Structures are given as C-alpha cells and as structure tokens.
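**Student:** The following file, structure08.pdb, comprises PDB, C-alpha atoms:
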ATOM      1  CA  MET A   1     -23.411 -15.979   1.902
ATOM      2  CA  ARG A   2     -20.682 -18.582   1.892
ATOM      3  CA  VAL A   3     -18.183 -18.361   4.710
ATOM      4  CA  GLU A   4     -15.342 -19.164   2.320
ATOM      5  CA  TYR A   5     -15.652 -15.624   0.937
ATOM      6  CA  ILE A   6     -15.019 -13.980   4.269
ATOM      7  CA  ASN A   7     -12.115 -16.095   5.511
ATOM      8  CA  PRO A   8      -9.531 -14.607   3.136
ATOM      9  CA  PHE A   9     -10.547 -11.118   4.278
ATOM     10  CA  VAL A  10     -10.277 -12.065   7.922
ATOM     11  CA  GLU A  11      -6.894 -13.696   7.425
ATOM     12  CA  ALA A  12      -5.563 -10.813   5.349
ATOM     13  CA  SER A  13      -6.839  -8.253   7.870
ATOM     14  CA  TYR A  14      -5.177 -10.131  10.680
ATOM     15  CA  ASN A  15      -1.847 -10.443   8.832
ATOM     16  CA  ILE A  16      -1.669  -6.897   7.522
ATOM     17  CA  LEU A  17      -2.886  -5.226  10.731
ATOM     18  CA  LYS A  18      -0.365  -7.171  12.760
ATOM     19  CA  GLU A  19       2.386  -6.175  10.360
ATOM     20  CA  VAL A  20       1.635  -2.452  10.026
ATOM     21  CA  LEU A  21       0.724  -1.886  13.683
ATOM     22  CA  SER A  22       3.512  -4.143  15.024
ATOM     23  CA  SER A  23       1.225  -5.307  17.823
ATOM     24  CA  GLU A  24      -1.192  -8.083  18.700
ATOM     25  CA  VAL A  25      -4.524  -8.323  16.922
ATOM     26  CA  VAL A  26      -7.355 -10.386  18.373
ATOM     27  CA  ARG A  27     -10.071 -11.829  16.187
ATOM     28  CA  GLY A  28     -13.550 -11.405  17.691
ATOM     29  CA  GLU A  29     -16.672 -13.505  17.148
ATOM     30  CA  LEU A  30     -18.114 -13.496  13.661
ATOM     31  CA  TYR A  31     -21.750 -12.441  13.343
ATOM     32  CA  LEU A  32     -24.334 -12.102  10.629
ATOM     33  CA  LYS A  33     -26.505  -9.089   9.789
ATOM     34  CA  SER A  34     -29.239  -9.206   7.243
ATOM     35  CA  SER A  35     -30.606  -5.697   7.764
ATOM     36  CA  SER A  36     -28.740  -2.431   7.878
ATOM     37  CA  THR A  37     -25.634  -2.034   9.993
ATOM     38  CA  PRO A  38     -24.514   1.122  11.763
ATOM     39  CA  VAL A  39     -21.203   2.534  10.570
ATOM     40  CA  LEU A  40     -18.831   3.496  13.359
ATOM     41  CA  GLY A  41     -17.608   6.796  11.905
ATOM     42  CA  VAL A  42     -14.883   6.022   9.374
ATOM     43  CA  ALA A  43     -15.473   3.381   6.725
ATOM     44  CA  ALA A  44     -13.330   2.342   3.791
ATOM     45  CA  LEU A  45     -15.374   0.581   1.142
ATOM     46  CA  VAL A  46     -14.051  -1.641  -1.635
ATOM     47  CA  GLY A  47     -16.406  -2.982  -4.296
ATOM     48  CA  LEU A  48     -16.034  -6.372  -6.025
ATOM     49  CA  ALA A  49     -17.436  -7.321  -9.402
ATOM     50  CA  GLY A  50     -16.971 -10.494 -11.441
ATOM     51  CA  ASP A  51     -17.777 -14.145 -10.633
ATOM     52  CA  VAL A  52     -18.722 -12.799  -7.224
ATOM     53  CA  GLU A  53     -20.071  -9.357  -6.489
ATOM     54  CA  GLY A  54     -20.560  -7.230  -3.427
ATOM     55  CA  ARG A  55     -18.490  -5.098  -1.135
ATOM     56  CA  VAL A  56     -16.146  -5.126   1.796
ATOM     57  CA  LEU A  57     -16.313  -2.427   4.407
ATOM     58  CA  PHE A  58     -13.586  -1.659   6.940
ATOM     59  CA  ASP A  59     -15.403   0.115   9.690
ATOM     60  CA  MET A  60     -13.940   1.892  12.737
ATOM     61  CA  THR A  61     -14.418   4.914  14.955
ATOM     62  CA  LYS A  62     -12.680   8.151  14.087
ATOM     63  CA  ALA A  63     -10.420   7.826  17.145
ATOM     64  CA  THR A  64      -9.364   4.336  16.042
ATOM     65  CA  ALA A  65      -8.733   5.526  12.477
ATOM     66  CA  ILE A  66      -6.546   8.370  13.740
ATOM     67  CA  GLY A  67      -4.786   5.947  16.112
ATOM     68  CA  ILE A  68      -4.032   3.496  13.295
ATOM     69  CA  ALA A  69      -2.885   6.258  10.949
ATOM     70  CA  SER A  70      -0.603   7.641  13.678
ATOM     71  CA  ILE A  71       1.083   4.274  14.200
ATOM     72  CA  MET A  72       1.424   3.619  10.466
ATOM     73  CA  ASN A  73       2.985   7.047   9.905
ATOM     74  CA  GLY A  74       5.205   6.912  12.973
ATOM     75  CA  GLU A  75       3.930  10.264  14.193
ATOM     76  CA  LYS A  76       0.987  11.526  16.226
ATOM     77  CA  LEU A  77      -1.847  12.695  13.983
ATOM     78  CA  ASN A  78      -4.561  14.776  15.623
ATOM     79  CA  ALA A  79      -7.320  14.807  13.056
ATOM     80  CA  MET A  80      -8.772  12.855  10.165
ATOM     81  CA  ASP A  81      -6.711  14.944   7.737
ATOM     82  CA  GLU A  82      -5.618  14.117   4.194
ATOM     83  CA  LEU A  83      -2.690  12.010   5.379
ATOM     84  CA  ALA A  84      -4.854  10.033   7.816
ATOM     85  CA  LYS A  85      -7.418   9.415   5.074
ATOM     86  CA  ALA A  86      -4.757   8.300   2.585
ATOM     87  CA  THR A  87      -3.348   5.972   5.234
ATOM     88  CA  ILE A  88      -6.665   4.252   5.961
ATOM     89  CA  GLN A  89      -7.348   3.902   2.232
ATOM     90  CA  GLU A  90      -3.947   2.343   1.737
ATOM     91  CA  LEU A  91      -4.607  -0.040   4.629
ATOM     92  CA  ALA A  92      -7.866  -1.128   2.960
ATOM     93  CA  ASN A  93      -5.967  -1.524  -0.313
ATOM     94  CA  MET A  94      -3.323  -3.772   1.178
ATOM     95  CA  ILE A  95      -5.825  -5.979   3.003
ATOM     96  CA  THR A  96      -8.101  -6.421  -0.002
ATOM     97  CA  ALA A  97      -5.178  -7.100  -2.325
ATOM     98  CA  GLN A  98      -3.985  -9.938  -0.099
ATOM     99  CA  ALA A  99      -7.486 -11.374   0.341
ATOM    100  CA  VAL A 100      -8.206 -11.218  -3.355
ATOM    101  CA  THR A 101      -4.993 -13.035  -4.205
ATOM    102  CA  LYS A 102      -6.278 -15.880  -2.040
ATOM    103  CA  LEU A 103      -9.725 -15.837  -3.644
ATOM    104  CA  HIS A 104      -8.181 -15.781  -7.117
ATOM    105  CA  ASP A 105      -6.128 -18.833  -6.135
ATOM    106  CA  LEU A 106      -9.394 -20.522  -5.136
ATOM    107  CA  GLY A 107     -10.658 -19.863  -8.638
ATOM    108  CA  PHE A 108     -12.884 -16.805  -8.188
ATOM    109  CA  LYS A 109     -12.280 -14.115 -10.773
ATOM    110  CA  PHE A 110     -13.353 -10.543 -10.153
ATOM    111  CA  ASP A 111     -12.145  -6.939 -10.133
ATOM    112  CA  LEU A 112     -11.923  -4.431  -7.322
ATOM    113  CA  THR A 113     -12.771  -0.768  -7.088
ATOM    114  CA  PRO A 114     -10.267   1.602  -5.457
ATOM    115  CA  PRO A 115     -11.211   2.126  -1.799
ATOM    116  CA  ALA A 116     -13.672   4.928  -1.096
ATOM    117  CA  LEU A 117     -13.550   6.487   2.346
ATOM    118  CA  PHE A 118     -16.682   7.634   4.173
ATOM    119  CA  THR A 119     -16.519   9.703   7.336
ATOM    120  CA  GLY A 120     -19.414  11.039   9.356
ATOM    121  CA  GLU A 121     -21.819  10.501  12.219
ATOM    122  CA  ASN A 122     -24.922   8.307  12.315
ATOM    123  CA  MET A 123     -24.299   6.505   9.051
ATOM    124  CA  GLU A 124     -25.569   3.055   8.280
ATOM    125  CA  VAL A 125     -25.020   0.664   5.416
ATOM    126  CA  SER A 126     -27.721  -1.509   3.883
ATOM    127  CA  SER A 127     -27.296  -4.459   1.580
ATOM    128  CA  SER A 128     -30.800  -5.506   0.715
ATOM    129  CA  GLN A 129     -30.026  -8.573  -1.421
ATOM    130  CA  VAL A 130     -27.243 -10.109   0.577
ATOM    131  CA  GLU A 131     -26.566 -10.500   4.274
ATOM    132  CA  ALA A 132     -23.329  -9.151   5.705
ATOM    133  CA  LEU A 133     -20.848 -11.159   7.720
ATOM    134  CA  ILE A 134     -18.987  -9.087  10.265
ATOM    135  CA  VAL A 135     -15.748  -9.926  12.010
ATOM    136  CA  PRO A 136     -14.461  -7.541  14.686
ATOM    137  CA  MET A 137     -10.694  -7.214  15.029
ATOM    138  CA  LYS A 138      -9.504  -5.921  18.381
ATOM    139  CA  LEU A 139      -6.417  -3.728  18.230
ATOM    140  CA  SER A 140      -4.346  -1.792  20.719
ATOM    141  CA  CYS A 141      -6.090   1.390  19.572
ATOM    142  CA  GLY A 142      -9.677   0.182  19.285
ATOM    143  CA  LYS A 143     -11.389  -2.201  16.888
ATOM    144  CA  ILE A 144     -12.000  -2.563  13.175
ATOM    145  CA  GLU A 145     -15.049  -4.390  11.912
ATOM    146  CA  ILE A 146     -14.545  -6.242   8.662
ATOM    147  CA  ASN A 147     -17.973  -6.218   7.078
ATOM    148  CA  VAL A 148     -18.259  -8.449   4.019
ATOM    149  CA  ALA A 149     -21.328  -8.783   1.794
ATOM    150  CA  ILE A 150     -20.592 -10.900  -1.260
ATOM    151  CA  ARG A 151     -22.680 -13.213  -3.414
ATOM    152  CA  GLU A 152     -22.160 -15.254  -6.541
ATOM    153  CA  ARG A 153     -23.314 -13.552  -9.683
ATOM    154  CA  SER A 154     -26.584 -15.081 -10.776
TER
ATOM    155  CA  MET B 155      47.694   1.640  24.909
ATOM    156  CA  LYS B 156      45.452   0.949  22.023
ATOM    157  CA  THR B 157      44.571   3.898  19.913
ATOM    158  CA  LYS B 158      41.345   4.461  18.077
ATOM    159  CA  SER B 159      42.870   3.250  14.854
ATOM    160  CA  ASP B 160      43.300  -0.236  16.282
ATOM    161  CA  PHE B 161      39.544  -0.734  16.187
ATOM    162  CA  PRO B 162      37.528  -0.968  13.034
ATOM    163  CA  SER B 163      34.958   1.787  12.920
ATOM    164  CA  LEU B 164      31.419   0.510  13.179
ATOM    165  CA  ASN B 165      30.257   3.416  11.099
ATOM    166  CA  GLU B 166      32.352   2.635   8.104
ATOM    167  CA  ARG B 167      29.485   1.240   6.058
ATOM    168  CA  LYS B 168      28.465   3.730   3.418
ATOM    169  CA  PRO B 169      24.700   4.370   3.364
ATOM    170  CA  GLY B 170      23.148   2.490   0.421
ATOM    171  CA  GLY B 171      21.676   5.725  -0.883
ATOM    172  CA  GLN B 172      25.038   7.275  -1.713
ATOM    173  CA  ARG B 173      27.622   6.838  -4.440
ATOM    174  CA  VAL B 174      31.258   6.086  -3.684
ATOM    175  CA  ASP B 175      31.934   9.833  -3.728
ATOM    176  CA  GLY B 176      29.247  10.449  -1.111
ATOM    177  CA  GLN B 177      26.755  11.959  -3.573
ATOM    178  CA  ALA B 178      23.174  10.884  -2.900
ATOM    179  CA  TYR B 179      21.260   8.894  -5.518
ATOM    180  CA  ARG B 180      18.305  10.966  -6.721
ATOM    181  CA  VAL B 181      14.877   9.357  -6.624
ATOM    182  CA  LEU B 182      11.549  10.269  -8.171
ATOM    183  CA  VAL B 183       8.642   8.721  -6.214
ATOM    184  CA  VAL B 184       5.420   8.170  -8.189
ATOM    185  CA  ASP B 185       2.340   7.086  -6.199
ATOM    186  CA  ASP B 186      -1.224   8.353  -5.864
ATOM    187  CA  SER B 187      -1.284   7.716  -2.119
ATOM    188  CA  MET B 188       0.143  10.467   0.031
ATOM    189  CA  PHE B 189       0.743   7.863   2.701
ATOM    190  CA  VAL B 190       2.943   5.705   0.471
ATOM    191  CA  THR B 191       4.851   8.699  -0.918
ATOM    192  CA  LYS B 192       5.619   9.872   2.573
ATOM    193  CA  GLN B 193       6.596   6.445   3.856
ATOM    194  CA  MET B 194       8.799   5.759   0.822
ATOM    195  CA  GLY B 195      10.416   9.185   1.278
ATOM    196  CA  GLN B 196      11.213   8.459   4.919
ATOM    197  CA  ILE B 197      12.731   5.075   4.128
ATOM    198  CA  LEU B 198      14.863   6.471   1.308
ATOM    199  CA  THR B 199      16.129   9.583   3.075
ATOM    200  CA  SER B 200      16.999   7.551   6.169
ATOM    201  CA  GLU B 201      19.453   5.631   3.970
ATOM    202  CA  GLY B 202      20.994   8.690   2.337
ATOM    203  CA  PHE B 203      18.939   8.826  -0.876
ATOM    204  CA  GLU B 204      17.560  12.163  -2.003
ATOM    205  CA  VAL B 205      13.913  12.299  -3.069
ATOM    206  CA  VAL B 206      14.086  14.941  -5.812
ATOM    207  CA  ALA B 207      10.392  14.917  -6.651
ATOM    208  CA  THR B 208       7.105  13.100  -6.133
ATOM    209  CA  ALA B 209       4.232  12.628  -8.566
ATOM    210  CA  GLY B 210       0.625  11.552  -7.990
ATOM    211  CA  ASP B 211      -0.053   9.734 -11.288
ATOM    212  CA  GLY B 212       1.649   8.363 -14.384
ATOM    213  CA  ILE B 213       1.336  11.505 -16.489
ATOM    214  CA  GLU B 214       2.864  13.679 -13.797
ATOM    215  CA  GLY B 215       5.550  11.035 -13.198
ATOM    216  CA  LEU B 216       6.531  10.992 -16.864
ATOM    217  CA  GLU B 217       6.582  14.808 -17.041
ATOM    218  CA  LYS B 218       8.734  15.067 -13.924
ATOM    219  CA  TYR B 219      11.153  12.438 -15.242
ATOM    220  CA  LYS B 220      11.647  14.348 -18.494
ATOM    221  CA  GLU B 221      11.996  17.623 -16.609
ATOM    222  CA  LEU B 222      14.588  16.234 -14.181
ATOM    223  CA  PHE B 223      16.541  14.128 -16.698
ATOM    224  CA  PRO B 224      19.492  13.476 -16.460
ATOM    225  CA  ASN B 225      19.463  14.557 -12.819
ATOM    226  CA  VAL B 226      17.427  11.595 -11.623
ATOM    227  CA  ASP B 227      18.809   8.123 -10.937
ATOM    228  CA  ILE B 228      15.868   5.982  -9.804
ATOM    229  CA  VAL B 229      12.089   5.995 -10.093
ATOM    230  CA  THR B 230       9.720   4.126  -7.763
ATOM    231  CA  MET B 231       6.461   3.591  -9.622
ATOM    232  CA  ASP B 232       3.078   2.572  -8.237
ATOM    233  CA  ILE B 233       1.071   0.404 -10.666
ATOM    234  CA  THR B 234      -2.547   1.351 -10.025
ATOM    235  CA  MET B 235      -2.966   5.103 -10.412
ATOM    236  CA  PRO B 236      -5.533   7.465 -11.917
ATOM    237  CA  ARG B 237      -5.082   9.194 -15.346
ATOM    238  CA  MET B 238      -2.120   7.020 -16.393
ATOM    239  CA  ASP B 239      -1.201   3.723 -14.739
ATOM    240  CA  GLY B 240       2.339   2.857 -13.719
ATOM    241  CA  ILE B 241       2.996   0.387 -16.536
ATOM    242  CA  THR B 242       2.153   2.903 -19.253
ATOM    243  CA  ALA B 243       4.282   5.506 -17.493
ATOM    244  CA  LEU B 244       7.125   2.969 -17.253
ATOM    245  CA  GLU B 245       6.896   2.235 -20.992
ATOM    246  CA  LYS B 246       6.963   5.925 -21.819
ATOM    247  CA  ILE B 247       9.894   6.605 -19.516
ATOM    248  CA  ILE B 248      11.868   3.723 -21.089
ATOM    249  CA  GLU B 249      10.981   5.062 -24.539
ATOM    250  CA  PHE B 250      12.468   8.404 -23.515
ATOM    251  CA  ASP B 251      15.486   6.966 -21.662
ATOM    252  CA  LYS B 252      16.246   3.313 -22.321
ATOM    253  CA  ASN B 253      18.596   3.221 -19.312
ATOM    254  CA  ALA B 254      15.988   4.459 -16.837
ATOM    255  CA  LYS B 255      15.983   2.561 -13.556
ATOM    256  CA  VAL B 256      12.336   2.115 -12.656
ATOM    257  CA  ILE B 257      11.219  -0.009  -9.706
ATOM    258  CA  MET B 258       7.557  -0.984  -9.507
ATOM    259  CA  VAL B 259       5.574  -0.778  -6.274
ATOM    260  CA  SER B 260       2.409  -2.810  -5.979
ATOM    261  CA  ALA B 261       0.055  -4.462  -3.555
ATOM    262  CA  LEU B 262       0.021  -8.243  -3.480
ATOM    263  CA  GLY B 263      -2.055  -9.952  -6.134
ATOM    264  CA  LYS B 264      -0.839  -8.037  -9.162
ATOM    265  CA  GLN B 265       1.655 -10.674 -10.312
ATOM    266  CA  ASP B 266       0.561 -10.421 -13.929
ATOM    267  CA  LEU B 267       1.069  -6.677 -13.916
ATOM    268  CA  VAL B 268       4.424  -7.037 -12.194
ATOM    269  CA  LYS B 269       5.508  -9.551 -14.855
ATOM    270  CA  ARG B 270       4.407  -7.187 -17.609
ATOM    271  CA  SER B 271       6.391  -4.383 -15.990
ATOM    272  CA  LEU B 272       9.538  -6.458 -15.766
ATOM    273  CA  LEU B 273       9.195  -7.402 -19.436
ATOM    274  CA  ALA B 274       8.682  -3.723 -20.257
ATOM    275  CA  GLY B 275      11.999  -2.845 -18.630
ATOM    276  CA  ALA B 276      11.356  -2.342 -14.912
ATOM    277  CA  LYS B 277      14.461  -3.232 -12.917
ATOM    278  CA  ASN B 278      12.700  -4.697  -9.898
ATOM    279  CA  TYR B 279       9.517  -4.557  -7.842
ATOM    280  CA  ILE B 280       8.453  -3.956  -4.255
ATOM    281  CA  VAL B 281       5.294  -5.372  -2.656
ATOM    282  CA  LYS B 282       3.300  -3.280  -0.177
ATOM    283  CA  PRO B 283       3.133  -2.963   2.838
ATOM    284  CA  LEU B 284       6.560  -1.358   2.514
ATOM    285  CA  ASP B 285       9.207  -3.005   4.612
ATOM    286  CA  ARG B 286      12.258  -0.784   5.096
ATOM    287  CA  LYS B 287      14.802  -3.562   4.657
ATOM    288  CA  LYS B 288      13.169  -5.049   1.559
ATOM    289  CA  VAL B 289      12.647  -1.649  -0.056
ATOM    290  CA  LEU B 290      16.306  -0.696   0.368
ATOM    291  CA  GLU B 291      17.548  -4.118  -0.713
ATOM    292  CA  ARG B 292      15.565  -4.044  -3.964
ATOM    293  CA  ILE B 293      16.494  -0.458  -4.764
ATOM    294  CA  VAL B 294      20.200  -0.936  -4.049
ATOM    295  CA  MET B 295      20.114  -4.106  -6.198
ATOM    296  CA  SER B 296      18.658  -2.115  -9.077
ATOM    297  CA  ILE B 297      21.403   0.491  -8.860
ATOM    298  CA  ASP B 298      24.051  -2.178  -9.274
ATOM    299  CA  LYS B 299      22.298  -3.795 -12.241
TER
END
In structure tokens, what does this structure look like?
**Tutor:**
Amino acid sequence: MRVEYINPFVEASYNILKEVLSSEVVRGELYLKSSSTPVLGVAALVGLAGDVEGRVLFDMTKATAIGIASIMNGEKLNAMDELAKATIQELANMITAQAVTKLHDLGFKFDLTPPALFTGENMEVSSSQVEALIVPMKLSCGKIEINVAIRERS
Amino acid sequence: MKTKSDFPSLNERKPGGQRVDGQAYRVLVVDDSMFVTKQMGQILTSEGFEVVATAGDGIEGLEKYKELFPNVDIVTMDITMPRMDGITALEKIIEFDKNAKVIMVSALGKQDLVKRSLLAGAKNYIVKPLDRKKVLERIVMSIDK
C-alpha cells in the first residue's frame, strides 16, 4: 500500500482531534500489519470505493470512546449510549471528509460509505488482499488507532 | 460621585438570536446525527435563539417546516442524510416558501454540493466541526440578508 494514501488520514485525524478535544495530540509510530488486527473495543469503519478501494478504521477502547464523546459533548457520559455512538460516528465523518478532500485534490476519485460503528469484545479485522497501515494517536483520554487499508482498483 | 449611568453597560449587546423586540428567532435543526443536533441546539440557545424542532432526515425536515410555517425563521440543514438528502429538502422547502432561510451544514469536501445548495436558494453554509463563533456569524448574516 502506498504511504501517500495514509498521510491525509493521519493529518486530518491530528487536525480534527486537536480541534474537537482542545488538547494536544501526539502522533505515534506508524506500523504495518498484513494479517488480522485486534480491534480495541469501539471501531468506526468508513468504506472507500472508486479509483482506490478499501477501508479506514478508527479504533479505540470503550473508555477512550466515552472519554472523547464526553469532551465533545461538554458533559460527562457514563456509557456507550446513543449520544456517545453518534458522537464517535460524527468524529469519523469529519476526519474522513477532511482526508478525502486532500486525496481528491491529489487526483484520486472515490466515494465514501457513512461510518458504521462496531462495539464489542475480542473482535478482529482482517483484510486479506491488502495490508493495513496503522498510526496510533495519543490523546489525553487514551489513544485512537487509525487503521487504513486501501489499494488502487485493478 | 459617578452614578451607574455614567458607565456604558457591558451587557448592552443584544444576543444575536433575538429580534429588536427581544423575541427569539425560531430555528428548525435538520441533521441525522444526534450529536450534531444537540451541539447545534446548545450553540443556538446560548445566543438566545429558540430551537422549535429537530428532524433526522430531509422528509421529516420538510414536513416539520410545513407544519411550523410561518412560525419558523431559520432552518439548519445537513446535506448527507438518509431517506431524503438536504439539497432535495432545501429545494422542496424553497418551493413551498420562496423566502425560507435555509443554512446548509456539511463536512469538508462537499464543495460541489454546497455550491448546488447555494444556487438552489440556501442562504449560507457551515462546515463541520461546528465552531460556535462561525456558526453564529453565518446564521446572523443570513437573518440580515
């Protein structure tokens, strides 16, 4: 997978997270996974289809998701309720929209699916045909892993 | 001794969400995300606007507009929504009330859709993530238009 696909997602994640959480965000080391990856507990998935195809996963623990949703809503949320879920989906929406604008500017044309949210224990995600690039983002309330698996349409 | 009246009151500024007579502008918020609806509601009410109703998609938004009319002043309209998207809902609202003040809300990267909306009669647009100052600025601008 070409690194140029992941950079816009990393940049957009950094910008948006910093803006909505009003706190520092630290980019961790990028790593590559070709087999299945464990999912931390809450994952928002956005699909891409067009000149490039694949998916982007925003992966975090439930505690982190609730922490992020609490900050974004300006009130303490105690569970992964409807509001918390809508908040994390909206976060995924905003990040992907910004990243995609960048990729469109670079000449890649594709469409996005609305974010789907998965919650549960012991989940893993497999992308058999394409390896995933993962960038951890360290936040005040935990970390989000941006997990991108995209390839050019053959 | 100086009396109170010698000092200008710092609180003289009228909240942007109210008319000269102190009546609140009435807003219909249309968005499929509960998070955005809530956030928009908080921003608007903090500035004196009254959120008279919310709707989760274009069809519901259009129905609520017709139901509330003429007791609704402003609509904030998400673009990407299930059942009926925001641009179709905008067109139908304008068809029903050519003076409707509809403000589009969209994530970055939908410039083409935003342009289409403005051509279809939207008064302005707001890009998410919602920033309190920008939201209020764009909405107050649309009132004066």
**Student:** Pull out every residue that the PyMOL selection byres ((chain A and resi 91) around 12) matches in the shown coordinates and put them as an MDAnalysis selection string.
**Tutor:** (chainID A and resid 12:21 43:46 57:59 65 68:69 71:73 84:90 92:98 114:117 144) or (chainID B and resid 187 189:190 261 282:284)
**Student:** Counting only C-alpha atoms, figure out which residue out of B:Asn253, B:Asn225, B:Asp186, B:Tyr279 gets nearest to Arg237 of chain B.
**Tutor:** B:Asp186
**Student:** What is the distance between atom CA of Val52 of chain A and atom CA of Asp111 of chain A, in Å to one decimal?
**Tutor:**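 According to the coordinates, atom CA of Val52 of chain A and atom CA of Asp111 of chain A are separated by 9.3 Å.
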**Student:** Could you spell out the hits of the PyMOL selection byres ((chain A and resi 39) around 12) on the shown file, as a ChimeraX atom specification?
**Tutor:** /A:36-38,40-45,57-62,117-126,134,144-147
**Student:** Selected by the PyMOL selection byres ((chain B and resi 293) around 9) in the shown coordinates: which residues, as a PyMOL selection string?
**Tutor:** chain B and resi 170-171+228+230+257+277-280+288-292+294-298
**Student:** Would you work out the distance separating atom CA of Gly74 of chain A from atom CA of Lys218 of chain B, expressed in Å to one decimal?
**Tutor:**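 So the two atoms, atom CA of Gly74 of chain A and atom CA of Lys218 of chain B, lie 28.3 Å apart.
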**Student:** Tell me which protein, DNA and RNA residues are within 9 Å of Pro169 of chain B, counting only C-alpha atoms, leaving out same-chain ones fewer than 5 positions away, and put them as number ranges by chain.
**Tutor:** B: 176, 200-203
**Student:** How big is the axis-aligned box around all listed atoms of segment 129-138 of chain A once 3 Å goes on each side, and where's its centre, in Å to one decimal, as AutoDock Vina command-line options?
**Tutor:**
--center_x -19.8 --center_y -8.5 --center_z 8.5 --size_x 26.5 --size_y 11.2 --size_z 25.8
**Student:** Figure out the distance between atom CA of Thr64 of chain A and atom CA of Gly142 of chain A, please, to one decimal in Å.
**Tutor:**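 Separating atom CA of Gly142 of chain A from atom CA of Thr64 of chain A is a distance of 5.3 Å.
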**Student:** Which is closer to chain B than all the others in A:Val135, A:Arg151, A:Val130, A:Ser70, using all atoms listed in the file?
**Tutor:**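 Looking only at the distances to chain B, the closest residue turns out to be A:Ser70.
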**Student:** Looking at A:Pro136, A:Ala99, A:Phe110, A:Glu152, which one is nearest to chain B, with distances taken over all atoms listed in the file?
**Tutor:**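 Using all atoms listed in the file, chain B sits closest to A:Ala99.
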**Student:** Dig up all the protein and nucleic acid residues within 6 Å of (9.1, 10.1, -6.7) in the file frame, using all atoms listed in the file, and format them as a ChimeraX atom specification.
**Tutor:** /B:181-184,207-209
**Student:** Pick out the closest residue to Met235 of chain B from this set: B:Asp266, B:Glu249, B:Glu204, B:Glu214. Count only C-alpha atoms.
**Tutor:**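 The answer is B:Glu214, which sits nearest to Met235 of chain B.
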**Student:** Could you tell me which of A:Leu106, A:Leu83, A:Ala149, A:Ala49 comes closest to chain B if we count only C-alpha atoms?
**Tutor:** A:Leu83
**Student:** Please tell me which residues are no farther than 10 Å from (-7.8, -10.6, 21.8) in the file, counting only C-alpha atoms, and write them as a ChimeraX atom specification.
**Tutor:** /A:24-28,137-140
**Student:** Quick one: residues within 10 Å of Thr234 of chain B, only C-alpha atoms counted, chain neighbours fewer than 5 positions away excluded, as a PDB file with C-alpha atoms, in the frame of the given file?
**Tutor:**
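Below is the file selection34.pdb, written as the result:
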ATOM      1  CA  PRO A 114     -10.267   1.602  -5.457  1.00  0.00           C
TER       2      PRO A 114
ATOM      3  CA  ASP B 185       2.340   7.086  -6.199  1.00  0.00           C
ATOM      4  CA  ASP B 186      -1.224   8.353  -5.864  1.00  0.00           C
ATOM      5  CA  ASP B 211      -0.053   9.734 -11.288  1.00  0.00           C
ATOM      6  CA  GLY B 212       1.649   8.363 -14.384  1.00  0.00           C
ATOM      7  CA  ASP B 239      -1.201   3.723 -14.739  1.00  0.00           C
ATOM      8  CA  GLY B 240       2.339   2.857 -13.719  1.00  0.00           C
ATOM      9  CA  ILE B 241       2.996   0.387 -16.536  1.00  0.00           C
ATOM     10  CA  VAL B 259       5.574  -0.778  -6.274  1.00  0.00           C
ATOM     11  CA  SER B 260       2.409  -2.810  -5.979  1.00  0.00           C
ATOM     12  CA  ALA B 261       0.055  -4.462  -3.555  1.00  0.00           C
ATOM     13  CA  LYS B 264      -0.839  -8.037  -9.162  1.00  0.00           C
ATOM     14  CA  LEU B 267       1.069  -6.677 -13.916  1.00  0.00           C
TER      15      LEU B 267
END
**Student:** So that I can see what lies close to Asn78 of chain A, please list as a list in words the residues with an atom at most 10 Å from it, counting all atoms listed in the file and leaving out residues fewer than 2 positions away in the same chain.
**Tutor:**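 Contacts, in chain order: Ala63, Ile66, Gly67, Ala69, Ser70, Glu75, Lys76, Met80, Asp81 and Ala84 of chain A.
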**Student:** Write a file of the just-selected residues containing C-alpha atoms, as a compact mmCIF listing (two decimals), keeping the file's coordinate frame.
**Tutor:**
# COMPACT_ATOMS: atom_id res chain seq x y z
CA ALA A 63 -10.42 7.83 17.14
CA ILE A 66 -6.55 8.37 13.74
CA GLY A 67 -4.79 5.95 16.11
CA ALA A 69 -2.88 6.26 10.95
CA SER A 70 -0.60 7.64 13.68
CA GLU A 75 3.93 10.26 14.19
CA LYS A 76 0.99 11.53 16.23
CA MET A 80 -8.77 12.86 10.16
CA ASP A 81 -6.71 14.94 7.74
CA ALA A 84 -4.85 10.03 7.82
**Student:** Could you check the closest approach to chain B for each of A:Leu133, A:Leu112, A:Leu32, A:Ile6 and tell me which residue wins, using only C-alpha atoms?
**Tutor:** A:Leu112
